[in-house]
Amino acid sequence: MAQITCEQVSLSYGGKIAVANLHFSVNAGEYLCIVGENGAGKTTLIKALLKLKETTNGTIATGDGLSPRDIGYLPQQTEIQKNFPASVYEIVLSGRLNTASFKPFYTLADKRDALQKMELLHIVNLKNRCYRELSGGQQQRVLLARALCAAKKILLLDEPVAGLDPIVTEEMYESIHEINKTGMTIIMVSHDIRGALAYATKVLHLANHAQQFFGTVDEYRLSAVGKSFFTTMEKQND
């Protein structure tokens, strides 16, 4: 059974339908990229996958023994969060609270896992630095390491490269790709369609408050929906 299956799902936001007619599945180890125009319901869908929002219609079923504690989440960062006065190590380690089971302190295993994730994201050298003193790219790596500490099976990423320069963006994509290669399922929302699809295996396209496409990256590139969206994005970037 797939890790996540959506069957004819509709989701509401502010009393109105945010997105409807969702019917897709995500298997273990896949890399799904969710694309579409602003206001298409992408973030609302992420919240529903996290069980933070109930469906209006349809069902979101989980398999593979998946529970909310198996999911790591990297949301869009706010300006207040960028100025958080804590060390890099403290922030990454806090990701282990997702699996703490009400323990009053961090275990040796928690600390080892935090350091391991920092090594994977190449930020061990930043361990004792204050988070708010870091560059935007460094902060995103710290938050990705934190989300990875919370993840056992799935990592949900909401616009992880927003506001980053091209070089740092590519480095982030490569890091996410390396994480996916370890067997971690990736579900990522992104407006950077060309960069995001370089590593994705599946695409879910939302527009006009409904699902317009779900399939492989190659199928998407050849589809009318994909071709139209690529053209629109290129014009906006000119």
# chains A, B, ... in the order shown; residues from 1 in each chain; ligands from 1
>>> select_by_dssp(residues="region 97-158 of chain A", states="strand (DSSP E)", output="PyMOL selection string")
chain A and resi 154-158
>>> closest_atom_pairs(of="region 126-171 of chain A", to="region 190-208 of chain A", cutoff="10 Å", atoms="only C-alpha atoms", output="JSON lines")
{"residue": "A:Leu157", "atom": "CA", "partner": "A:Ser190", "partner_atom": "CA", "distance": 8.5}
{"residue": "A:Asp158", "atom": "CA", "partner": "A:Ser190", "partner_atom": "CA", "distance": 6.9}
{"residue": "A:Glu159", "atom": "CA", "partner": "A:Ser190", "partner_atom": "CA", "distance": 4.9}
{"residue": "A:Pro160", "atom": "CA", "partner": "A:Ser190", "partner_atom": "CA", "distance": 7.5}
{"residue": "A:Val161", "atom": "CA", "partner": "A:Ser190", "partner_atom": "CA", "distance": 7.9}
{"residue": "A:Ala162", "atom": "CA", "partner": "A:Ser190", "partner_atom": "CA", "distance": 8.3}
{"residue": "A:Pro166", "atom": "CA", "partner": "A:Gly195", "partner_atom": "CA", "distance": 9.6}
{"residue": "A:Thr169", "atom": "CA", "partner": "A:Gly195", "partner_atom": "CA", "distance": 8.3}
{"residue": "A:Glu170", "atom": "CA", "partner": "A:Gly195", "partner_atom": "CA", "distance": 7.4}
>>> write_last_selection(atoms="N, CA and C atoms", output="compact mmCIF listing (two decimals), in the first residue's frame")
# COMPACT_ATOMS: atom_id res chain seq x y z
N LEU A 157 8.21 19.66 2.44
CA LEU A 157 8.93 20.91 2.28
C LEU A 157 8.05 21.92 1.55
N ASP A 158 7.81 23.07 2.19
CA ASP A 158 6.98 24.11 1.60
C ASP A 158 7.87 25.28 1.16
N GLU A 159 8.13 25.36 -0.14
CA GLU A 159 8.97 26.41 -0.72
C GLU A 159 10.34 26.52 -0.02
N PRO A 160 11.11 25.43 0.00
CA PRO A 160 12.37 25.44 0.75
C PRO A 160 13.46 26.35 0.19
N VAL A 161 13.33 26.80 -1.08
CA VAL A 161 14.38 27.65 -1.66
C VAL A 161 13.90 29.09 -1.87
N ALA A 162 12.75 29.44 -1.33
CA ALA A 162 12.21 30.78 -1.51
C ALA A 162 13.19 31.83 -0.98
N PRO A 166 20.64 31.83 -6.70
CA PRO A 166 20.72 30.63 -7.56
C PRO A 166 21.71 29.57 -7.10
N THR A 169 20.37 27.95 -3.96
CA THR A 169 19.20 27.17 -4.36
C THR A 169 19.60 25.81 -4.89
N GLU A 170 20.59 25.79 -5.79
CA GLU A 170 21.05 24.52 -6.36
C GLU A 170 21.65 23.63 -5.28
>>> closest_atom_pairs(of="region 54-95 of chain A", to="region 2-8 of chain A", cutoff="9 Å", atoms="only C-alpha atoms", output="CSV")
residue,atom,partner,partner_atom,distance
A:Asn57,CA,A:Gln8,CA,7.1
A:Gly58,CA,A:Gln8,CA,4.9
A:Thr59,CA,A:Glu7,CA,5.5
A:Ile60,CA,A:Cys6,CA,4.6
A:Ala61,CA,A:Thr5,CA,5.2
A:Thr62,CA,A:Ile4,CA,4.6
A:Gly63,CA,A:Gln3,CA,4.5
A:Asp64,CA,A:Gln3,CA,5.3
A:Gly65,CA,A:Gln3,CA,7.9
A:Leu66,CA,A:Gln3,CA,6.5
>>> write_last_selection(atoms="all heavy atoms", output="mmCIF file, in the first residue's frame")
data_model
loop_
_atom_site.group_PDB
_atom_site.id
_atom_site.type_symbol
_atom_site.label_atom_id
_atom_site.label_comp_id
_atom_site.auth_asym_id
_atom_site.auth_seq_id
_atom_site.Cartn_x
_atom_site.Cartn_y
_atom_site.Cartn_z
ATOM 1 N N ASN A 57 -14.279 16.759 1.666
ATOM 2 C CA ASN A 57 -14.800 15.538 1.031
ATOM 3 C C ASN A 57 -13.630 14.598 0.777
ATOM 4 O O ASN A 57 -12.472 15.023 0.693
ATOM 5 C CB ASN A 57 -15.486 15.855 -0.307
ATOM 6 C CG ASN A 57 -16.751 16.671 -0.132
ATOM 7 O OD1 ASN A 57 -17.690 16.247 0.525
ATOM 8 N ND2 ASN A 57 -16.758 17.867 -0.713
ATOM 9 N N GLY A 58 -13.945 13.322 0.620
ATOM 10 C CA GLY A 58 -12.924 12.345 0.300
ATOM 11 C C GLY A 58 -12.076 11.957 1.505
ATOM 12 O O GLY A 58 -12.320 12.390 2.630
ATOM 13 N N THR A 59 -11.068 11.124 1.250
ATOM 14 C CA THR A 59 -10.234 10.610 2.335
ATOM 15 C C THR A 59 -8.749 10.683 1.974
ATOM 16 O O THR A 59 -8.359 10.532 0.818
ATOM 17 C CB THR A 59 -10.570 9.141 2.646
ATOM 18 O OG1 THR A 59 -10.388 8.355 1.467
ATOM 19 C CG2 THR A 59 -12.002 9.001 3.136
ATOM 20 N N ILE A 60 -7.957 10.922 2.999
ATOM 21 C CA ILE A 60 -6.501 10.823 2.881
ATOM 22 C C ILE A 60 -6.096 9.637 3.742
ATOM 23 O O ILE A 60 -6.155 9.696 4.975
ATOM 24 C CB ILE A 60 -5.795 12.105 3.358
ATOM 25 C CG1 ILE A 60 -6.226 13.289 2.491
ATOM 26 C CG2 ILE A 60 -4.280 11.928 3.288
ATOM 27 C CD1 ILE A 60 -5.618 14.619 2.926
ATOM 28 N N ALA A 61 -5.718 8.554 3.099
ATOM 29 C CA ALA A 61 -5.371 7.319 3.805
ATOM 30 C C ALA A 61 -3.856 7.160 3.865
ATOM 31 O O ALA A 61 -3.130 7.590 2.962
ATOM 32 C CB ALA A 61 -5.990 6.119 3.103
ATOM 33 N N THR A 62 -3.375 6.556 4.945
ATOM 34 C CA THR A 62 -1.954 6.302 5.092
ATOM 35 C C THR A 62 -1.683 4.807 5.196
ATOM 36 O O THR A 62 -2.480 4.063 5.768
ATOM 37 C CB THR A 62 -1.383 7.012 6.332
ATOM 38 O OG1 THR A 62 -2.095 6.570 7.499
ATOM 39 C CG2 THR A 62 -1.513 8.514 6.209
ATOM 40 N N GLY A 63 -0.567 4.396 4.641
ATOM 41 C CA GLY A 63 -0.146 3.009 4.718
ATOM 42 C C GLY A 63 1.296 2.940 5.189
ATOM 43 O O GLY A 63 1.852 3.927 5.653
ATOM 44 N N ASP A 64 1.909 1.779 5.089
ATOM 45 C CA ASP A 64 3.303 1.606 5.464
ATOM 46 C C ASP A 64 3.526 1.926 6.941
ATOM 47 O O ASP A 64 4.610 2.315 7.349
ATOM 48 C CB ASP A 64 4.201 2.496 4.576
ATOM 49 C CG ASP A 64 5.685 2.178 4.717
ATOM 50 O OD1 ASP A 64 6.010 1.004 4.969
ATOM 51 O OD2 ASP A 64 6.504 3.104 4.584
ATOM 52 N N GLY A 65 2.452 1.777 7.743
ATOM 53 C CA GLY A 65 2.556 2.068 9.165
ATOM 54 C C GLY A 65 2.831 3.520 9.474
ATOM 55 O O GLY A 65 3.331 3.861 10.554
ATOM 56 N N LEU A 66 2.474 4.407 8.540
ATOM 57 C CA LEU A 66 2.800 5.830 8.675
ATOM 58 C C LEU A 66 1.961 6.496 9.759
ATOM 59 O O LEU A 66 0.765 6.312 9.838
ATOM 60 C CB LEU A 66 2.561 6.536 7.342
ATOM 61 C CG LEU A 66 2.990 7.999 7.260
ATOM 62 C CD1 LEU A 66 4.507 8.106 7.267
ATOM 63 C CD2 LEU A 66 2.415 8.646 6.005
#
>>> closest_atom_pairs(of="region 146-172 of chain A", to="region 84-97 of chain A", cutoff="12 Å", atoms="only C-alpha atoms", output="tab-separated table")
residue	atom	partner	partner_atom	distance
A:Arg146	CA	A:Val92	CA	4.1
A:Ala147	CA	A:Gly95	CA	6.0
A:Leu148	CA	A:Gly95	CA	7.4
A:Cys149	CA	A:Gly95	CA	5.0
A:Ala150	CA	A:Gly95	CA	4.9
A:Ala151	CA	A:Gly95	CA	8.5
A:Lys152	CA	A:Arg96	CA	10.7
>>> write_last_selection(atoms="all heavy atoms", output="short mmCIF file (atom, residue, chain, number, x, y, z; two decimals), in the first residue's frame")
data_model
loop_
_atom_site.label_atom_id
_atom_site.label_comp_id
_atom_site.auth_asym_id
_atom_site.auth_seq_id
_atom_site.Cartn_x
_atom_site.Cartn_y
_atom_site.Cartn_z
N ARG A 146 16.77 20.23 11.01
CA ARG A 146 15.79 20.09 12.09
C ARG A 146 14.61 19.22 11.64
O ARG A 146 14.17 18.32 12.35
CB ARG A 146 15.28 21.46 12.54
CG ARG A 146 14.27 21.40 13.68
CD ARG A 146 13.69 22.78 13.99
NE ARG A 146 12.83 22.72 15.15
CZ ARG A 146 11.55 22.33 15.12
NH1 ARG A 146 11.00 21.96 13.97
NH2 ARG A 146 10.83 22.29 16.23
N ALA A 147 14.09 19.52 10.44
CA ALA A 147 12.97 18.74 9.90
C ALA A 147 13.37 17.29 9.70
O ALA A 147 12.58 16.37 9.92
CB ALA A 147 12.50 19.35 8.58
N LEU A 148 14.62 17.07 9.30
CA LEU A 148 15.10 15.71 9.07
C LEU A 148 15.21 14.94 10.37
O LEU A 148 14.99 13.73 10.41
CB LEU A 148 16.45 15.77 8.36
CG LEU A 148 16.95 14.50 7.68
CD1 LEU A 148 15.91 13.95 6.72
CD2 LEU A 148 18.26 14.78 6.95
N CYS A 149 15.53 15.65 11.47
CA CYS A 149 15.56 15.00 12.78
C CYS A 149 14.18 14.51 13.18
O CYS A 149 14.04 13.54 13.94
CB CYS A 149 16.08 15.98 13.84
SG CYS A 149 17.88 16.07 13.94
N ALA A 150 13.14 15.19 12.70
CA ALA A 150 11.77 14.82 13.04
C ALA A 150 11.21 13.75 12.12
O ALA A 150 10.19 13.13 12.42
CB ALA A 150 10.87 16.06 12.99
N ALA A 151 11.87 13.55 10.98
CA ALA A 151 11.33 12.65 9.95
C ALA A 151 11.85 11.23 10.09
O ALA A 151 13.05 11.02 10.30
CB ALA A 151 11.66 13.19 8.57
N LYS A 152 10.96 10.27 9.95
CA LYS A 152 11.35 8.87 9.87
C LYS A 152 11.11 8.31 8.47
O LYS A 152 11.88 7.49 7.97
CB LYS A 152 10.57 8.04 10.88
CG LYS A 152 10.96 8.28 12.33
CD LYS A 152 10.18 7.35 13.25
CE LYS A 152 10.58 7.55 14.70
NZ LYS A 152 9.81 6.65 15.60
#
>>> atom_distance(atom1="CA of Lys51 (chain A)", atom2="CA of Ile179 (chain A)")
23.4 Å
>>> decode(residues="region 195-224 of chain A", atoms="N, CA, C and O atoms", output="CSV table (one decimal), in the first residue's frame")
chain,number,residue,atom,x,y,z
A,195,GLY,N,14.1,24.0,-11.5
A,195,GLY,CA,15.0,23.5,-10.6
A,195,GLY,C,14.4,22.4,-9.8
A,195,GLY,O,15.1,21.3,-9.5
A,196,ALA,N,13.2,22.5,-9.4
A,196,ALA,CA,12.5,21.4,-8.6
A,196,ALA,C,12.4,20.1,-9.3
A,196,ALA,O,12.6,19.0,-8.8
A,197,LEU,N,12.0,20.2,-10.6
A,197,LEU,CA,11.8,19.0,-11.4
A,197,LEU,C,13.0,18.3,-11.8
A,197,LEU,O,13.0,17.2,-12.3
A,198,ALA,N,14.2,18.9,-11.6
A,198,ALA,CA,15.4,18.3,-12.0
A,198,ALA,C,15.7,17.0,-11.2
A,198,ALA,O,16.4,16.1,-11.6
A,199,TYR,N,15.1,16.9,-10.0
A,199,TYR,CA,15.3,15.7,-9.1
A,199,TYR,C,14.0,15.0,-8.8
A,199,TYR,O,14.1,13.9,-8.3
A,200,ALA,N,12.9,15.5,-9.0
A,200,ALA,CA,11.6,14.9,-8.7
A,200,ALA,C,11.3,13.7,-9.5
A,200,ALA,O,11.9,13.6,-10.7
A,201,THR,N,10.5,12.8,-9.0
A,201,THR,CA,10.1,11.6,-9.8
A,201,THR,C,8.6,11.7,-10.2
A,201,THR,O,8.3,11.2,-11.3
A,202,LYS,N,7.8,12.5,-9.4
A,202,LYS,CA,6.4,12.7,-9.7
A,202,LYS,C,6.1,14.1,-9.6
A,202,LYS,O,6.7,14.9,-8.9
A,203,VAL,N,5.0,14.5,-10.3
A,203,VAL,CA,4.5,15.9,-10.3
A,203,VAL,C,3.0,15.9,-10.0
A,203,VAL,O,2.3,15.2,-10.6
A,204,LEU,N,2.6,16.8,-9.1
A,204,LEU,CA,1.2,17.1,-8.9
A,204,LEU,C,1.0,18.6,-9.2
A,204,LEU,O,1.6,19.4,-8.6
A,205,HIS,N,0.2,18.9,-10.2
A,205,HIS,CA,-0.1,20.3,-10.6
A,205,HIS,C,-1.5,20.7,-10.2
A,205,HIS,O,-2.5,20.0,-10.5
A,206,LEU,N,-1.6,21.8,-9.4
A,206,LEU,CA,-2.8,22.3,-8.9
A,206,LEU,C,-3.1,23.7,-9.6
A,206,LEU,O,-2.2,24.5,-9.7
A,207,ALA,N,-4.3,23.9,-10.0
A,207,ALA,CA,-4.6,25.2,-10.6
A,207,ALA,C,-6.2,25.3,-10.6
A,207,ALA,O,-6.9,24.3,-10.7
A,208,ASN,N,-6.6,26.6,-10.5
A,208,ASN,CA,-8.1,26.8,-10.5
A,208,ASN,C,-8.8,26.0,-9.4
A,208,ASN,O,-9.9,25.5,-9.7
A,209,HIS,N,-8.1,25.8,-8.3
A,209,HIS,CA,-8.6,25.1,-7.1
A,209,HIS,C,-9.0,23.7,-7.4
A,209,HIS,O,-9.9,23.1,-6.8
A,210,ALA,N,-8.2,23.0,-8.3
A,210,ALA,CA,-8.4,21.6,-8.6
A,210,ALA,C,-7.1,21.0,-9.1
A,210,ALA,O,-6.1,21.7,-9.5
A,211,GLN,N,-7.1,19.7,-9.1
A,211,GLN,CA,-5.9,18.9,-9.6
A,211,GLN,C,-6.0,18.9,-11.1
A,211,GLN,O,-7.0,18.5,-11.7
A,212,GLN,N,-4.9,19.3,-11.7
A,212,GLN,CA,-4.8,19.4,-13.2
A,212,GLN,C,-4.0,18.3,-13.8
A,212,GLN,O,-4.2,17.9,-15.0
A,213,PHE,N,-3.0,17.8,-13.0
A,213,PHE,CA,-2.2,16.7,-13.5
A,213,PHE,C,-1.5,16.0,-12.3
A,213,PHE,O,-1.2,16.6,-11.3
A,214,PHE,N,-1.3,14.7,-12.5
A,214,PHE,CA,-0.5,13.9,-11.6
A,214,PHE,C,0.1,12.8,-12.4
A,214,PHE,O,-0.5,12.0,-13.1
A,215,GLY,N,1.5,12.6,-12.3
A,215,GLY,CA,2.2,11.6,-13.1
A,215,GLY,C,3.7,11.8,-13.0
A,215,GLY,O,4.1,12.6,-12.1
A,216,THR,N,4.4,11.2,-13.8
A,216,THR,CA,5.9,11.3,-13.8
A,216,THR,C,6.3,12.6,-14.4
A,216,THR,O,5.6,13.3,-15.0
A,217,VAL,N,7.6,12.9,-14.1
A,217,VAL,CA,8.1,14.2,-14.6
A,217,VAL,C,8.1,14.2,-16.1
A,217,VAL,O,7.8,15.2,-16.8
A,218,ASP,N,8.5,13.1,-16.7
A,218,ASP,CA,8.5,13.0,-18.2
A,218,ASP,C,7.1,13.2,-18.8
A,218,ASP,O,7.0,13.9,-19.8
A,219,GLU,N,6.1,12.6,-18.2
A,219,GLU,CA,4.8,12.7,-18.6
A,219,GLU,C,4.3,14.2,-18.5
A,219,GLU,O,3.6,14.7,-19.4
A,220,TYR,N,4.7,14.8,-17.4
A,220,TYR,CA,4.3,16.2,-17.2
A,220,TYR,C,4.9,17.1,-18.3
A,220,TYR,O,4.3,18.0,-18.8
A,221,ARG,N,6.2,16.9,-18.6
A,221,ARG,CA,6.9,17.8,-19.6
A,221,ARG,C,6.2,17.7,-20.9
A,221,ARG,O,6.2,18.6,-21.7
A,222,LEU,N,5.6,16.5,-21.2
A,222,LEU,CA,4.9,16.3,-22.5
A,222,LEU,C,3.4,16.7,-22.5
A,222,LEU,O,2.8,16.8,-23.6
A,223,SER,N,2.9,16.9,-21.3
A,223,SER,CA,1.4,17.2,-21.2
A,223,SER,C,1.1,18.6,-21.6
A,223,SER,O,2.0,19.5,-21.5
A,224,ALA,N,-0.1,18.9,-21.9
A,224,ALA,CA,-0.5,20.2,-22.3
A,224,ALA,C,-0.4,21.1,-21.0
A,224,ALA,O,0.0,22.3,-21.1
